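Colleague: Handing you a structure now.
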Amino acid sequence: MRFDGRAPGTPVETWEADPRLLALPPLTDAVDPIAVTRLVVLAAHPDDETLGAGGLIAAAAARGVPVTVVVVTDGAASHPGSATSAESLVATRAEEARVAVELLGHDVELLRWSIADGAVREARAEITERLRPLLPGPGGLVVAPWRGDGHRDHRVLGEIAAQLVGEAGRAGATLLEYPIWLWHWGSPDHPDVPWPSLRLSPLDADADAAKRSALAAYVSQRRPLSAAPEDAPVLHPVFERHFARGREVFVVGDEAAGVATEATFDRTHARRADPWRVTTRWYERRKRALTVASLPREHYGSVLEVGCSIGVLTGDLAPAADRLLALDVSSVAVEAARERLADLPHVTVEQADAAADYPSGPFDLVVLSEVGYYLAPDAFGRLVDSIVDGLAEDGDVVACHWARPEGDFRQGAQDVHARLGADPRLHRVSHHVEADFVLDVFSRDPRSVAQRTGLRVTPAPENSVAALPVRAVAVVVPAHDEEELVSRALDGIDLARRHTARTHPEVRVVVVLVADACTDHTVAAARAHARVTVVEIDARGVGAARAVGVDVALGELAAPSGDLSRGDLPLEAVWIACTDADSVVPPGWIDDQLDRAAAGADVVIGTVRPDFADLSPRQIAAWTARHTPGRPNGHVHGANLGVRASSYRAVGGFAPIDLHEDNVLVDRLRDAGATLVASDVGEVLTSGRRDGRTSGGYAGYLAVDLLA
């Protein structure tokens, strides 16, 4: 799950508009807080305990229940890029936590372990052993971050708590999990919201007041550290309102994990030796044969199969592998697979949940057959990241899934395969679709089987330099009467430029602002920014302005026809990054485009988000309902568009038109066979005004189409 924590997120009104929220079953249906004998609250970061369970802590402390709050990390990573030293920020957050917990209850015990912020996974073993003796016994309550919250530290700490509480079984404490970032990235209809497992805990006046006072103590998270963009508040006021509503919501039960469980599949395999009749059905035998026949290579070194069940497909894959590791979450299935494959010494079958504990690679081939849809989208996304991270440089991924909906699926086959296809490091090399299943082969090697085996050779163009890495970025910004917003836009670009200077010191970045028929002080405001080339024109059209900006930037960077003799860069090594003067790019904006260009993209189509401060509550709710975080919609926005300069020139560049010049360019690039990638990683904040500088466009969408 990827999201900008400093953004407003989903408004509380959107959540409250769904009748399910306030009609949730009470927490007392799962656990009676009055009967709790001891309370242990785990926080991944200072303030998590207050945001997620401050009212519960205050109420328990007021009743005299012993309460221990464990803050695991030092919170030093809350403001990436800040000029404030890590030591100073750690000291500030430690004092804030001390004051906040004191406000929740005078006798509450606070333990601060000072694990490095962001390193909970790396310190899993240490945290587990330190936490084990703190767990309460029968009648006790452990409260931890929700494992599906979308933040890695939250997930891992929740997993540790669940593991320890699970080990104790009936003789141990009860586990509750509290969501925090769910209210930000989620929405009532988001598929990852665990509605059946949510429980509502109303706060009495004293507990609510204590929680509000404790939250106010975290000044470093609620107010800017300085005027620098890096020091903006971590808790946006719109987001913070979720925690001042006189209630808390907790997650109970197995659905909180968002992953398939061992018990589920143990029961399935225990009922029947061949639960899906894969050995007897012609459908299954045929599908298995197609899966093996789709392999781009005849033989592989190291192969991983995720979700092997009883090992039938494993046996078919074995002849193509030197080493084959087959995994399944079910111990019953693993034992059956081991028995079936006992005469294959190069095959190893292990019980493991690859989504939670992915084996170390590299693997030349990874096979996912009928497993992806059992995982919630966020959990599957983490699995895909692990697969691609652990894939050999020319490795392949084969995915095959039943296309019909089933009651225990967390997502559909199309969602699973779309997530694989969205990874810019993978190329889809074959695609087979039938009414009942979909079979895809993805690879880091974009060549077809005929190309790999020498049957078809595609000669490179004469003097081709297409494989050259990007060595320069041209940031182009059109502007028309933007004196109020242009400085903010250029500050954001400069922050991104400086970020890239640290991460990609070999890449030169130039910024060109084209002031088109400006009658205000846009030009003066832009010229006040160093490292910005300002060009004045009177074209009165955004297409022409973008085109002029690109021409000026390429004139500084690139050789006219790829002529390397001048020492200039060829067009293939130059990337054009477009945004607008009413928009703010994130610090990693340029880096994200560079990463996707390095993975083979010719065009990066980024997402934008309107500034919620400019919208009405109704518009915010409507926009949020249409835009799911982590799922780029592929809509083209000139405020967040990247293209390789050689591809741009090949299709004639931006057309000199007043509207939709960005869409026209992308259509031309698509028709020309360019590789297009949609991404929401570098999401751009754009003005939410409804009186745009051109008729129609994004402002028109916000003013008219959004509420249509």
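Within each chain, counting starts at residue 1; across the structure tokens, chains are named A, B, ... in the order shown, with ligands numbered 1 upward in that order.
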Please provide as a ChimeraX atom specification all residues within 12 Å of Gly137 of chain A, with the sequence filter that same-chain residues fewer than 4 positions apart are discarded (counting only C-alpha atoms).
Modeller: /A:36-40,132-133,141-142,164-165,167-175
Colleague: Would you kindly return, as a list in words, each protein, DNA or RNA residue with an atom no farther than 7 Å from any atom of segment 80-86 of chain A, considering only C-alpha atoms and excluding same-chain residues fewer than 3 positions away?
Modeller: Ala76, Ala77, Leu89, Val90, Glu230 and Asp231 of chain A
Colleague: For segment 240-310 of chain A against segment 323-328 of chain A, with a cut-off of 9 Å and counting only C-alpha atoms, what is the closest atom pair and its distance in Å to one decimal for every residue that makes the cut, ordered by chain and number, as a tab-separated table?
Modeller:
```
residue	atom	partner	partner_atom	distance
A:Glu262	CA	A:Asp328	CA	8.6
A:Tyr300	CA	A:Arg323	CA	8.2
A:Gly301	CA	A:Arg323	CA	6.2
A:Ser302	CA	A:Arg323	CA	4.9
A:Val303	CA	A:Leu324	CA	4.7
A:Leu304	CA	A:Leu325	CA	4.9
A:Glu305	CA	A:Ala326	CA	4.7
A:Val306	CA	A:Leu327	CA	5.2
A:Gly307	CA	A:Asp328	CA	4.6
A:Cys308	CA	A:Asp328	CA	5.6
A:Ser309	CA	A:Asp328	CA	6.1
A:Ile310	CA	A:Asp328	CA	8.9
```
Colleague: Mind checking which residues fall within 7 Å of Val603 of chain A, counting only C-alpha atoms, ignoring those fewer than 6 positions away in the same chain, and posting them as a ChimeraX atom specification?
Modeller: /A:642-644,675-677
Colleague: Write out the residues from the selection above, keeping N, CA and C atoms, as a CSV table (one decimal), in the first residue's frame.
Modeller:
```csv
chain,number,residue,atom,x,y,z
A,642,GLY,N,5.5,12.0,-18.0
A,642,GLY,CA,6.9,11.9,-18.4
A,642,GLY,C,7.1,11.1,-19.7
A,643,VAL,N,8.1,11.5,-20.5
A,643,VAL,CA,8.3,10.9,-21.8
A,643,VAL,C,9.7,11.0,-22.2
A,644,ARG,N,10.2,9.9,-22.8
A,644,ARG,CA,11.6,9.9,-23.3
A,644,ARG,C,11.6,10.9,-24.5
A,675,THR,N,6.3,2.2,-25.0
A,675,THR,CA,5.9,1.5,-23.8
A,675,THR,C,5.4,2.5,-22.8
A,676,LEU,N,4.1,2.3,-22.4
A,676,LEU,CA,3.5,3.2,-21.5
A,676,LEU,C,3.3,2.5,-20.1
A,677,VAL,N,3.6,3.3,-19.1
A,677,VAL,CA,3.4,2.8,-17.7
A,677,VAL,C,2.6,3.8,-16.9
```
Colleague: Write out as a list in words the residues lying within 7 Å of segment 646-660 of chain A, counting only C-alpha atoms and excluding same-chain residues fewer than 6 positions away.
Modeller: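 My reading of the contact set: Gly541, Val542, Gly543, Ala544, Arg546, Ala547, Leu571, Glu572, Asp602, Arg668, Leu669 and Gly697 of chain A.
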Colleague: Would you save the residues from that selection as a short mmCIF file (atom, residue, chain, number, x, y, z; two decimals), in the first residue's frame, using all heavy atoms?
Modeller:
```cif
data_model
loop_
_atom_site.label_atom_id
_atom_site.label_comp_id
_atom_site.auth_asym_id
_atom_site.auth_seq_id
_atom_site.Cartn_x
_atom_site.Cartn_y
_atom_site.Cartn_z
N GLY A 541 -1.94 29.34 -25.52
CA GLY A 541 -2.36 27.94 -25.66
C GLY A 541 -1.40 27.03 -24.94
O GLY A 541 -0.18 27.13 -25.11
N VAL A 542 -1.93 26.10 -24.13
CA VAL A 542 -1.07 25.28 -23.31
C VAL A 542 -0.25 24.31 -24.14
O VAL A 542 0.89 23.98 -23.79
CB VAL A 542 -1.90 24.53 -22.24
CG1 VAL A 542 -2.85 23.53 -22.86
CG2 VAL A 542 -1.00 23.84 -21.22
N GLY A 543 -0.80 23.83 -25.26
CA GLY A 543 -0.04 22.92 -26.11
C GLY A 543 1.21 23.58 -26.66
O GLY A 543 2.31 23.02 -26.64
N ALA A 544 1.04 24.80 -27.17
CA ALA A 544 2.19 25.53 -27.70
C ALA A 544 3.19 25.85 -26.60
O ALA A 544 4.41 25.79 -26.81
CB ALA A 544 1.71 26.82 -28.37
N ARG A 546 3.80 24.16 -23.80
CA ARG A 546 4.58 22.96 -23.45
C ARG A 546 5.62 22.67 -24.54
O ARG A 546 6.76 22.29 -24.24
CB ARG A 546 3.66 21.77 -23.27
CG ARG A 546 2.76 21.83 -22.05
CD ARG A 546 2.17 20.45 -21.75
NE ARG A 546 0.99 20.53 -20.90
CZ ARG A 546 1.01 20.63 -19.58
NH1 ARG A 546 2.16 20.69 -18.96
NH2 ARG A 546 -0.13 20.68 -18.89
N ALA A 547 5.22 22.80 -25.80
CA ALA A 547 6.14 22.51 -26.90
C ALA A 547 7.35 23.43 -26.87
O ALA A 547 8.49 22.99 -27.08
CB ALA A 547 5.40 22.61 -28.23
N LEU A 571 18.99 12.16 -27.73
CA LEU A 571 17.61 12.27 -27.25
C LEU A 571 17.20 11.06 -26.43
O LEU A 571 16.39 11.17 -25.51
CB LEU A 571 16.66 12.45 -28.43
CG LEU A 571 16.77 13.78 -29.19
CD1 LEU A 571 15.85 13.77 -30.40
CD2 LEU A 571 16.44 14.95 -28.28
N GLU A 572 17.73 9.88 -26.75
CA GLU A 572 17.37 8.68 -26.00
C GLU A 572 17.79 8.76 -24.54
O GLU A 572 17.26 8.03 -23.71
CB GLU A 572 18.00 7.44 -26.66
CG GLU A 572 17.39 7.06 -28.00
CD GLU A 572 17.93 7.93 -29.13
OE1 GLU A 572 18.78 8.81 -28.86
OE2 GLU A 572 17.52 7.71 -30.28
N ASP A 602 8.81 4.17 -21.92
CA ASP A 602 9.00 5.35 -22.77
C ASP A 602 8.12 6.50 -22.29
O ASP A 602 8.42 7.66 -22.57
CB ASP A 602 8.64 5.03 -24.23
CG ASP A 602 9.51 3.93 -24.81
OD1 ASP A 602 10.75 4.02 -24.67
OD2 ASP A 602 8.97 2.98 -25.39
N ARG A 668 -0.70 9.44 -29.65
CA ARG A 668 0.29 9.27 -30.71
C ARG A 668 1.39 8.30 -30.28
O ARG A 668 1.83 7.44 -31.06
CB ARG A 668 0.91 10.62 -31.07
CG ARG A 668 -0.02 11.60 -31.80
CD ARG A 668 0.71 12.92 -32.00
NE ARG A 668 -0.09 13.90 -32.71
CZ ARG A 668 0.28 15.18 -32.89
NH1 ARG A 668 1.44 15.59 -32.37
NH2 ARG A 668 -0.49 16.01 -33.54
N LEU A 669 1.84 8.44 -29.05
CA LEU A 669 2.89 7.57 -28.55
C LEU A 669 2.42 6.12 -28.48
O LEU A 669 3.15 5.19 -28.83
CB LEU A 669 3.34 8.04 -27.16
CG LEU A 669 4.14 9.35 -27.13
CD1 LEU A 669 4.13 9.96 -25.74
CD2 LEU A 669 5.57 9.11 -27.59
N GLY A 697 -10.68 20.95 -19.36
CA GLY A 697 -9.53 20.48 -18.62
C GLY A 697 -9.89 20.00 -17.22
O GLY A 697 -11.04 19.69 -16.93
#
```
Colleague: Hey, can you check how far atom CA of Ile590 of chain A sits from atom CA of Arg497 of chain A?
Modeller: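 For atom CA of Ile590 of chain A relative to atom CA of Arg497 of chain A, the distance reads 7.2 Å.
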Colleague: List every residue of segment 535-670 of chain A that DSSP, applied to the backbone of this structure, assigns to alpha helix (DSSP H), and report them as a PyMOL selection string.
Modeller: chain A and resi 542-557+589-598+617-626+645-650+661-670
Colleague: Next, the residues of the selection above should be written as a PDB file, in the first residue's frame with C-alpha atoms.
Modeller:
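See result_37.pdb below for the written result:
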```
ATOM      1  CA  VAL A 542      -1.069  25.276 -23.309  1.00  0.00           C
ATOM      2  CA  GLY A 543      -0.036  22.915 -26.113  1.00  0.00           C
ATOM      3  CA  ALA A 544       2.193  25.532 -27.701  1.00  0.00           C
ATOM      4  CA  ALA A 545       3.594  26.531 -24.305  1.00  0.00           C
ATOM      5  CA  ARG A 546       4.583  22.963 -23.452  1.00  0.00           C
ATOM      6  CA  ALA A 547       6.137  22.505 -26.899  1.00  0.00           C
ATOM      7  CA  VAL A 548       8.228  25.670 -26.545  1.00  0.00           C
ATOM      8  CA  GLY A 549       9.363  24.588 -23.088  1.00  0.00           C
ATOM      9  CA  VAL A 550      10.499  21.206 -24.387  1.00  0.00           C
ATOM     10  CA  ASP A 551      12.352  22.826 -27.298  1.00  0.00           C
ATOM     11  CA  VAL A 552      14.204  25.204 -24.987  1.00  0.00           C
ATOM     12  CA  ALA A 553      15.124  22.447 -22.538  1.00  0.00           C
ATOM     13  CA  LEU A 554      16.318  20.069 -25.240  1.00  0.00           C
ATOM     14  CA  GLY A 555      18.342  22.892 -26.733  1.00  0.00           C
ATOM     15  CA  GLU A 556      20.271  23.001 -23.480  1.00  0.00           C
ATOM     16  CA  LEU A 557      20.651  19.252 -23.158  1.00  0.00           C
ATOM     17  CA  TRP A 589       8.709  12.630  -8.429  1.00  0.00           C
ATOM     18  CA  ILE A 590      11.725  12.710 -10.741  1.00  0.00           C
ATOM     19  CA  ASP A 591      13.206   9.574  -9.158  1.00  0.00           C
ATOM     20  CA  ASP A 592      10.040   7.568  -9.808  1.00  0.00           C
ATOM     21  CA  GLN A 593      10.091   8.507 -13.489  1.00  0.00           C
ATOM     22  CA  LEU A 594      13.797   7.686 -13.739  1.00  0.00           C
ATOM     23  CA  ASP A 595      13.224   4.275 -12.155  1.00  0.00           C
ATOM     24  CA  ARG A 596      10.452   3.446 -14.604  1.00  0.00           C
ATOM     25  CA  ALA A 597      12.492   4.709 -17.549  1.00  0.00           C
ATOM     26  CA  ALA A 598      15.342   2.451 -16.452  1.00  0.00           C
ATOM     27  CA  PRO A 617     -17.102  18.195   1.328  1.00  0.00           C
ATOM     28  CA  ARG A 618     -19.398  16.809  -1.358  1.00  0.00           C
ATOM     29  CA  GLN A 619     -16.697  17.111  -4.006  1.00  0.00           C
ATOM     30  CA  ILE A 620     -14.116  15.527  -1.706  1.00  0.00           C
ATOM     31  CA  ALA A 621     -16.405  12.575  -1.085  1.00  0.00           C
ATOM     32  CA  ALA A 622     -17.140  12.207  -4.811  1.00  0.00           C
ATOM     33  CA  TRP A 623     -13.451  12.365  -5.772  1.00  0.00           C
ATOM     34  CA  THR A 624     -12.441   9.906  -3.057  1.00  0.00           C
ATOM     35  CA  ALA A 625     -15.118   7.440  -4.162  1.00  0.00           C
ATOM     36  CA  ARG A 626     -13.689   7.416  -7.699  1.00  0.00           C
ATOM     37  CA  ALA A 645      12.754  12.722 -25.593  1.00  0.00           C
ATOM     38  CA  SER A 646      13.423  10.418 -28.551  1.00  0.00           C
ATOM     39  CA  SER A 647       9.872   9.060 -28.390  1.00  0.00           C
ATOM     40  CA  TYR A 648       8.511  12.590 -28.006  1.00  0.00           C
ATOM     41  CA  ARG A 649      10.323  13.805 -31.113  1.00  0.00           C
ATOM     42  CA  ALA A 650       9.368  10.703 -33.096  1.00  0.00           C
ATOM     43  CA  GLU A 661      -2.605  18.348 -25.783  1.00  0.00           C
ATOM     44  CA  ASP A 662      -1.437  15.772 -23.227  1.00  0.00           C
ATOM     45  CA  ASN A 663      -3.996  13.169 -24.326  1.00  0.00           C
ATOM     46  CA  VAL A 664      -3.215  13.737 -27.998  1.00  0.00           C
ATOM     47  CA  LEU A 665       0.510  13.211 -27.360  1.00  0.00           C
ATOM     48  CA  VAL A 666      -0.068   9.995 -25.409  1.00  0.00           C
ATOM     49  CA  ASP A 667      -2.423   8.671 -28.112  1.00  0.00           C
ATOM     50  CA  ARG A 668       0.293   9.268 -30.715  1.00  0.00           C
ATOM     51  CA  LEU A 669       2.893   7.566 -28.548  1.00  0.00           C
ATOM     52  CA  ARG A 670       0.624   4.581 -27.963  1.00  0.00           C
TER      53      ARG A 670
END
```
Colleague: Quick one: residues within 7 Å of Pro8 of chain A, only C-alpha atoms counted, chain neighbours fewer than 2 positions away excluded, as a PyMOL selection string?
Modeller: chain A and resi 6+10+236+238-239
Colleague: Check which residues of segment 205-227 of chain A sit at most 12 Å from segment 248-254 of chain A using only C-alpha atoms, and return one row each with the closest pair of atoms and their distance in Å to one decimal, ordered by chain and rising number, as a Markdown table.
Modeller:
```
| residue | atom | partner | partner_atom | distance |
| --- | --- | --- | --- | --- |
| A:Ala207 | CA | A:Glu248 | CA | 10.8 |
| A:Asp208 | CA | A:Glu248 | CA | 9.7 |
| A:Lys211 | CA | A:Glu248 | CA | 10.5 |
```
Colleague: Would you write out those residues with N, CA and C atoms, as a tab-separated table (two decimals), in the first residue's frame?
Modeller:
```tsv
chain	number	residue	atom	x	y	z
A	207	ALA	N	-12.71	9.94	28.85
A	207	ALA	CA	-11.73	9.26	27.98
A	207	ALA	C	-11.51	10.04	26.70
A	208	ASP	N	-12.57	10.61	26.17
A	208	ASP	CA	-12.45	11.41	24.94
A	208	ASP	C	-11.59	12.64	25.19
A	211	LYS	N	-7.93	11.66	25.51
A	211	LYS	CA	-7.34	11.34	24.21
A	211	LYS	C	-7.03	12.61	23.43
```
Colleague: Please return as JSON, numbers by chain: the residues of segment 292-535 of chain A that backbone DSSP assigns to strand (DSSP E).
Modeller: {"A": [300, 301, 302, 303, 304, 305, 306, 321, 322, 323, 324, 325, 326, 327, 328, 347, 348, 349, 350, 351, 363, 364, 365, 366, 367, 368, 369, 391, 392, 393, 394, 395, 396, 397, 398, 399, 400, 401, 402, 427, 428, 429, 430, 431, 432, 433, 437, 438, 439, 440, 441, 442, 443, 472, 473, 474, 475, 476, 477, 478, 479, 508, 509, 510, 511, 512, 513, 514, 515, 516, 532, 533, 534, 535]}
Colleague: Kindly indicate which residue among A:Leu375, A:Val41, A:Leu368, A:Ala403 lies nearest to Ala355 of chain A, using only C-alpha atoms for the distances.
Modeller: A:Leu375
Colleague: Residues at most 9 Å from Tyr358 of chain A, counting only C-alpha atoms, excluding those fewer than 5 positions away in the same chain, as a VMD selection string?
Modeller: chain A and resid 352 to 353 383 386 to 387 390
Colleague: Quick one: of A:Ala59, A:Ala162, A:Val12, A:Val312, who's nearest to Leu182 of chain A, counting only C-alpha atoms?
Modeller: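 Ranking A:Ala59, A:Ala162, A:Val12, A:Val312 by distance to Leu182 of chain A, first place goes to A:Val12.
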Colleague: Mind dumping a table of every segment 517-591 of chain A residue within 6 Å of segment 471-491 of chain A, with the nearest atom pair and its distance in Å to one decimal, using only C-alpha atoms, sorted by chain and rising number, as JSON lines?
Modeller:
```
{"residue": "A:Cys518", "atom": "CA", "partner": "A:Asp481", "partner_atom": "CA", "distance": 4.9}
{"residue": "A:Asp520", "atom": "CA", "partner": "A:Asp481", "partner_atom": "CA", "distance": 5.6}
{"residue": "A:His521", "atom": "CA", "partner": "A:Glu483", "partner_atom": "CA", "distance": 5.3}
{"residue": "A:Thr522", "atom": "CA", "partner": "A:Glu483", "partner_atom": "CA", "distance": 4.2}
{"residue": "A:Ala545", "atom": "CA", "partner": "A:Pro478", "partner_atom": "CA", "distance": 5.6}
{"residue": "A:Arg546", "atom": "CA", "partner": "A:Pro478", "partner_atom": "CA", "distance": 5.8}
{"residue": "A:Gly549", "atom": "CA", "partner": "A:Val476", "partner_atom": "CA", "distance": 5.6}
{"residue": "A:Ala553", "atom": "CA", "partner": "A:Ala474", "partner_atom": "CA", "distance": 5.7}
{"residue": "A:Ala573", "atom": "CA", "partner": "A:Arg471", "partner_atom": "CA", "distance": 5.4}
{"residue": "A:Val574", "atom": "CA", "partner": "A:Ala472", "partner_atom": "CA", "distance": 4.9}
{"residue": "A:Trp575", "atom": "CA", "partner": "A:Val473", "partner_atom": "CA", "distance": 4.7}
{"residue": "A:Ile576", "atom": "CA", "partner": "A:Ala474", "partner_atom": "CA", "distance": 4.8}
{"residue": "A:Ala577", "atom": "CA", "partner": "A:Val475", "partner_atom": "CA", "distance": 4.7}
{"residue": "A:Cys578", "atom": "CA", "partner": "A:Val476", "partner_atom": "CA", "distance": 5.0}
{"residue": "A:Thr579", "atom": "CA", "partner": "A:Val477", "partner_atom": "CA", "distance": 5.5}
{"residue": "A:Asp580", "atom": "CA", "partner": "A:Val477", "partner_atom": "CA", "distance": 5.1}
{"residue": "A:Ala581", "atom": "CA", "partner": "A:Val486", "partner_atom": "CA", "distance": 5.0}
{"residue": "A:Asp582", "atom": "CA", "partner": "A:Leu485", "partner_atom": "CA", "distance": 5.3}
{"residue": "A:Ser583", "atom": "CA", "partner": "A:Ala489", "partner_atom": "CA", "distance": 5.5}
{"residue": "A:Val584", "atom": "CA", "partner": "A:Ala489", "partner_atom": "CA", "distance": 4.8}
```
Colleague: Could you pull the residues within 9 Å of Ala62 of chain A, counting only C-alpha atoms, minus those fewer than 3 positions along the same chain, as number ranges by chain?
Modeller: A: 57-59, 65, 104-105, 207
Colleague: To one decimal place in Å, what is the distance between atom CA of Ala289 of chain A and atom CA of Val334 of chain A?
Modeller: 22.2 Å
Colleague: Between A:Phe265, A:Trp276, A:Tyr373, A:Trp146, which one has atoms that come closest to Ser197 of chain A, using only C-alpha atoms?
Modeller: A:Trp146
